[in-house]
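The structure file structure.txt is reproduced below (compact mmCIF, C-alpha atoms and all ligand atoms).
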```txt
# COMPACT_ATOMS: atom_id res chain seq x y z
CA MET A 249 251.41 146.35 208.66
CA LYS A 250 253.27 148.68 211.00
CA VAL A 251 253.00 152.23 209.71
CA SER A 252 255.98 154.46 210.23
CA GLU A 253 257.15 157.80 208.87
CA ARG A 254 259.35 156.09 206.35
CA HIS A 255 256.27 154.67 204.59
CA MET A 256 254.76 158.08 204.06
CA ARG A 257 255.23 160.62 201.29
CA SER A 258 253.62 164.00 200.79
CA TYR A 259 252.35 162.84 197.37
CA SER A 260 250.89 159.52 198.57
CA PRO A 261 247.20 159.65 199.49
CA MET A 262 245.94 158.74 202.93
CA GLY A 263 246.04 155.01 203.48
CA LEU A 264 248.54 154.24 200.74
CA LEU A 265 251.91 153.33 202.17
CA VAL A 266 255.15 153.47 200.24
CA LEU A 267 256.84 150.16 200.97
CA ARG A 268 259.74 150.83 198.65
CA GLY A 269 260.74 153.74 196.44
CA PRO A 270 262.11 157.26 196.32
CA LYS A 271 261.41 159.79 199.02
CA GLU A 272 260.25 163.32 198.28
CA GLU A 273 262.46 163.67 195.22
CA TYR A 274 261.92 161.49 192.21
CA GLY A 275 262.12 161.65 188.44
CA LYS A 276 260.96 159.78 185.40
CA GLY A 277 261.95 156.15 185.69
CA ALA A 278 261.17 156.12 189.43
CA HIS A 279 259.75 152.87 190.75
CA TRP A 280 257.65 152.38 193.88
CA VAL A 281 255.95 149.56 195.71
CA VAL A 282 252.82 150.90 197.39
CA GLY A 283 250.16 149.14 199.38
CA ASP A 284 247.32 149.15 201.85
CA GLU A 285 246.02 146.51 204.27
CA HIS A 286 244.55 144.38 201.45
CA GLY A 287 247.16 144.42 198.71
CA TYR A 288 249.98 146.16 196.94
CA ALA A 289 251.03 147.53 193.58
CA GLU A 290 254.35 147.96 191.79
CA VAL A 291 254.35 151.16 189.77
CA ILE A 292 256.67 153.20 187.57
CA LEU A 293 256.69 156.81 186.45
CA MET A 294 257.70 155.96 182.91
CA LYS A 295 260.42 157.60 180.90
CA ASP A 296 258.66 159.25 177.98
CA ARG A 297 260.65 157.30 175.40
CA ASN A 298 259.25 154.01 176.78
CA ALA A 299 255.62 155.09 176.89
CA VAL A 300 252.79 155.47 174.39
CA HIS A 301 252.14 158.98 175.72
CA SER A 302 254.40 161.33 177.63
CA ASP A 303 253.82 161.59 181.39
CA THR A 304 252.63 158.02 181.76
CA PHE A 305 252.44 156.05 184.98
CA TYR A 306 252.70 152.29 184.53
CA ILE A 307 251.20 149.67 186.83
CA GLU A 308 253.37 146.59 186.71
CA HIS A 309 251.26 144.56 189.14
CA ILE A 310 248.35 145.15 191.41
CA VAL A 311 247.54 142.30 193.72
CA ILE A 312 244.88 141.82 196.38
CA ARG A 313 245.34 139.08 198.96
CA GLU A 314 243.83 135.95 197.53
CA GLN A 315 241.23 135.40 200.26
CA GLU A 316 240.10 139.05 200.01
CA ARG A 317 239.42 139.28 196.28
CA GLY A 318 235.99 140.13 194.91
CA LYS A 319 235.08 142.43 197.82
CA GLY A 320 235.87 145.81 196.28
CA TYR A 321 239.38 146.12 197.72
CA GLY A 322 240.96 146.07 194.25
CA ARG A 323 238.87 149.06 193.24
CA THR A 324 239.77 151.03 196.38
CA LEU A 325 243.48 150.20 196.13
CA TYR A 326 243.41 151.14 192.45
CA ALA A 327 241.72 154.49 193.24
CA LYS A 328 244.51 155.34 195.67
CA VAL A 329 247.15 154.34 193.12
CA GLU A 330 245.50 156.58 190.53
CA GLU A 331 245.53 159.48 192.98
CA PHE A 332 249.19 158.80 193.71
CA ALA A 333 249.86 158.83 189.95
CA ARG A 334 248.11 162.18 189.51
CA ASN A 335 250.07 163.59 192.42
CA VAL A 336 253.39 162.71 190.78
CA GLY A 337 252.42 164.55 187.62
CA THR A 338 250.86 161.86 185.47
CA GLU A 339 248.55 162.48 182.56
CA TRP A 340 248.13 158.89 181.38
CA MET A 341 248.16 155.48 182.98
CA GLN A 342 249.14 152.33 181.16
CA ILE A 343 249.03 148.62 181.92
CA ASP A 344 249.62 145.32 180.16
CA SER A 345 246.82 143.08 181.36
CA GLU A 346 246.63 139.34 181.56
CA PRO A 347 243.67 138.06 179.51
CA GLU A 348 241.72 137.19 182.66
CA THR A 349 241.93 140.70 184.16
CA VAL A 350 240.99 142.80 181.12
CA GLY A 351 237.46 143.02 182.59
CA PHE A 352 238.81 144.52 185.82
CA TRP A 353 240.68 147.22 183.91
CA LYS A 354 237.63 148.00 181.81
CA LYS A 355 235.75 148.56 185.06
CA MET A 356 238.52 150.98 186.03
CA ASP A 357 237.80 152.83 182.73
CA TYR A 358 240.83 151.64 180.77
CA THR A 359 240.63 151.18 177.03
CA GLU A 360 242.48 148.68 174.93
CA LEU A 361 245.24 149.81 172.59
CA ASP A 362 245.65 148.11 169.26
CA ARG A 363 249.35 147.61 169.97
CA VAL A 364 250.95 144.63 171.63
CA PHE A 365 254.03 145.14 173.78
CA TYR A 366 254.06 141.73 175.47
CA LYS A 367 252.78 138.59 173.82
CA ASP A 368 249.46 137.37 175.27
CA LYS A 369 248.92 140.61 177.20
CA THR A 370 246.53 143.44 176.42
CA ALA A 371 247.97 146.95 176.51
CA MET A 372 245.46 149.39 177.99
CA VAL A 373 245.51 153.09 178.86
CA LYS A 374 243.49 155.66 180.74
CA ARG A 375 243.76 159.43 180.67
CA VAL A 376 243.73 160.67 184.27
CA ARG A 377 244.35 164.37 183.78
CA ALA A 378 243.36 166.80 181.07
CA PRO A 379 246.36 168.15 179.15
CA GLY A 380 247.87 171.25 180.71
CA SER A 381 245.73 171.13 183.86
CA PRO A 382 247.49 171.62 187.20
C1 LIG B 401 242.58 141.80 189.68
C2 LIG B 401 242.43 142.06 191.19
C3 LIG B 401 243.48 143.09 191.63
C4 LIG B 401 241.03 142.64 191.42
O1 LIG B 401 240.85 142.92 192.80
P1 LIG B 401 239.46 142.58 193.52
O2 LIG B 401 239.53 143.10 194.91
O3 LIG B 401 239.16 141.15 193.35
O4 LIG B 401 238.45 143.46 192.64
P2 LIG B 401 237.16 144.24 193.15
O5 LIG B 401 236.37 143.33 194.04
O6 LIG B 401 237.54 145.57 193.70
O7 LIG B 401 236.40 144.43 191.78
C5 LIG B 401 236.15 145.69 191.19
C6 LIG B 401 235.27 145.47 189.96
O8 LIG B 401 236.02 144.77 188.96
C7 LIG B 401 235.37 143.53 188.65
N1 LIG B 401 236.43 142.51 188.50
C8 LIG B 401 237.35 142.16 189.40
N2 LIG B 401 238.17 141.23 188.90
C9 LIG B 401 237.74 141.01 187.62
C10 LIG B 401 238.19 140.16 186.58
N3 LIG B 401 239.26 139.38 186.73
N4 LIG B 401 237.52 140.19 185.40
C11 LIG B 401 236.44 140.99 185.23
N5 LIG B 401 235.99 141.85 186.19
C12 LIG B 401 236.64 141.84 187.37
C13 LIG B 401 234.46 143.23 189.83
O9 LIG B 401 233.38 142.43 189.42
C14 LIG B 401 234.05 144.60 190.26
O10 LIG B 401 233.02 145.08 189.45
P3 LIG B 401 231.79 145.94 190.10
O11 LIG B 401 232.43 147.09 190.83
O12 LIG B 401 230.99 146.36 188.92
O13 LIG B 401 231.09 145.00 191.03
C15 LIG B 401 242.55 140.76 192.05
O14 LIG B 401 241.63 139.82 191.58
C16 LIG B 401 243.91 140.13 192.05
O15 LIG B 401 244.75 140.44 192.90
N6 LIG B 401 244.20 139.21 191.09
C17 LIG B 401 245.47 138.53 191.00
C18 LIG B 401 246.55 139.43 190.50
C19 LIG B 401 246.22 140.05 189.14
O16 LIG B 401 245.83 139.37 188.21
N7 LIG B 401 246.41 141.39 189.06
C20 LIG B 401 246.08 142.18 187.88
C21 LIG B 401 247.14 142.23 186.88
S1 LIG B 401 248.67 142.81 187.45
```
Using structure tokens, write down the structure from this file.
Ligand SMILES: CC(C)(COP(=O)(O)OP(=O)(O)OC[C@H]1O[C@@H](n2cnc3c(N)ncnc32)[C@H](O)[C@@H]1OP(=O)(O)O)[C@@H](O)C(=O)NCCC(=O)NCCS
Amino acid sequence: MKVSERHMRSYSPMGLLVLRGPKEEYGKGAHWVVGDEHGYAEVILMKDRNAVHSDTFYIEHIVIREQERGKGYGRTLYAKVEEFARNVGTEWMQIDSEPETVGFWKKMDYTELDRVFYKDKTAMVKRVRAPGSP
């Protein structure tokens, strides 16, 4: 991937490119596509009314190139996405997992909610910042 200034943001950690999404100014409801050399993620800074908790960052998809799965790249991409989320002011992260990836999210320290938003998917959350901390 050719890296250029337009893929960089002050709030995106080193090695995580913004392929699509707002520039330095954004608000709740903002949507980004971010990625590194092994995969990408589609993410949303949720509007509070759509989220279980206020200040929630939602991962719509995270995908590692098929031939590169199982080598730790999902974990490293996820860690960068979590840092990105913290940098945009997130306190919680939320996902709706396919049944076959619940184990991955558990490894990333997500816990299952007892609420279903999408049939056949498992809603999971993780607190990534203590309340009120900078
Ligand atoms: C899910 C996905 C992103 C994981 O990426 P990956 O590079 O294969 O994962 P990693 O190698 O970094 O694995 C990290 C840890 O999670 C575990 N893990 C990975 N996928 C898992 C799965 N489907 N179920 C259970 N555990 C899983 C690994 O064993 C590893 O554990 P360890 O650190 O204790 O050894 C990747 O498999 C993928 O792109 N899948 C297709 C798209 C998808 O389903 N995305 C998720 C929902 S949007």
Counting all atoms listed in the file, the residue of A:Ile343, A:Ala378, A:Ile292, A:Val364 that sits nearest ligand LIG 401 (chain B):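 Of all the options, A:Ile343 lies closest to ligand LIG 401 (chain B).
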Neighbouring residues of A:Met356 were defined as those with any atom within 9 Å, considering all atoms listed in the file; residues of the same chain fewer than 4 positions away were excluded. Please report them as a short mmCIF file (atom, residue, chain, number, x, y, z; two decimals) with C-alpha atoms, in the frame of the given file.
```cif
data_model
loop_
_atom_site.label_atom_id
_atom_site.label_comp_id
_atom_site.auth_asym_id
_atom_site.auth_seq_id
_atom_site.Cartn_x
_atom_site.Cartn_y
_atom_site.Cartn_z
CA ARG A 323 238.87 149.06 193.24
CA TYR A 326 243.41 151.14 192.45
CA ALA A 327 241.72 154.49 193.24
CA GLY A 351 237.46 143.02 182.59
CA PHE A 352 238.81 144.52 185.82
CA LYS A 374 243.49 155.66 180.74
#
```
Local residues around (252.9, 168.5, 191.2), at most 12 Å away, using all atoms listed in the file, as a list in words: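 I get Ser258, Tyr259, Ser260, Glu272, Glu273, Tyr274, Gly275, Glu331, Phe332, Ala333, Arg334, Asn335, Val336, Gly337, Thr338, Glu339, Gly380, Ser381 and Pro382 of chain A for the residues within 12 Å of that point.
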A:Lys271, A:Lys276, A:Lys354, A:Arg257: which is nearest ligand LIG 401 (chain B), counting only C-alpha atoms and all ligand atoms?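 Distance minimum relative to ligand LIG 401 (chain B) lands on A:Lys354.
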Hey, which residues come within 10 Å of ligand LIG 401 (chain B) if we count only C-alpha atoms and all ligand atoms? Could you give them as a ChimeraX atom specification? /A:286-290,307-327,343-356,369
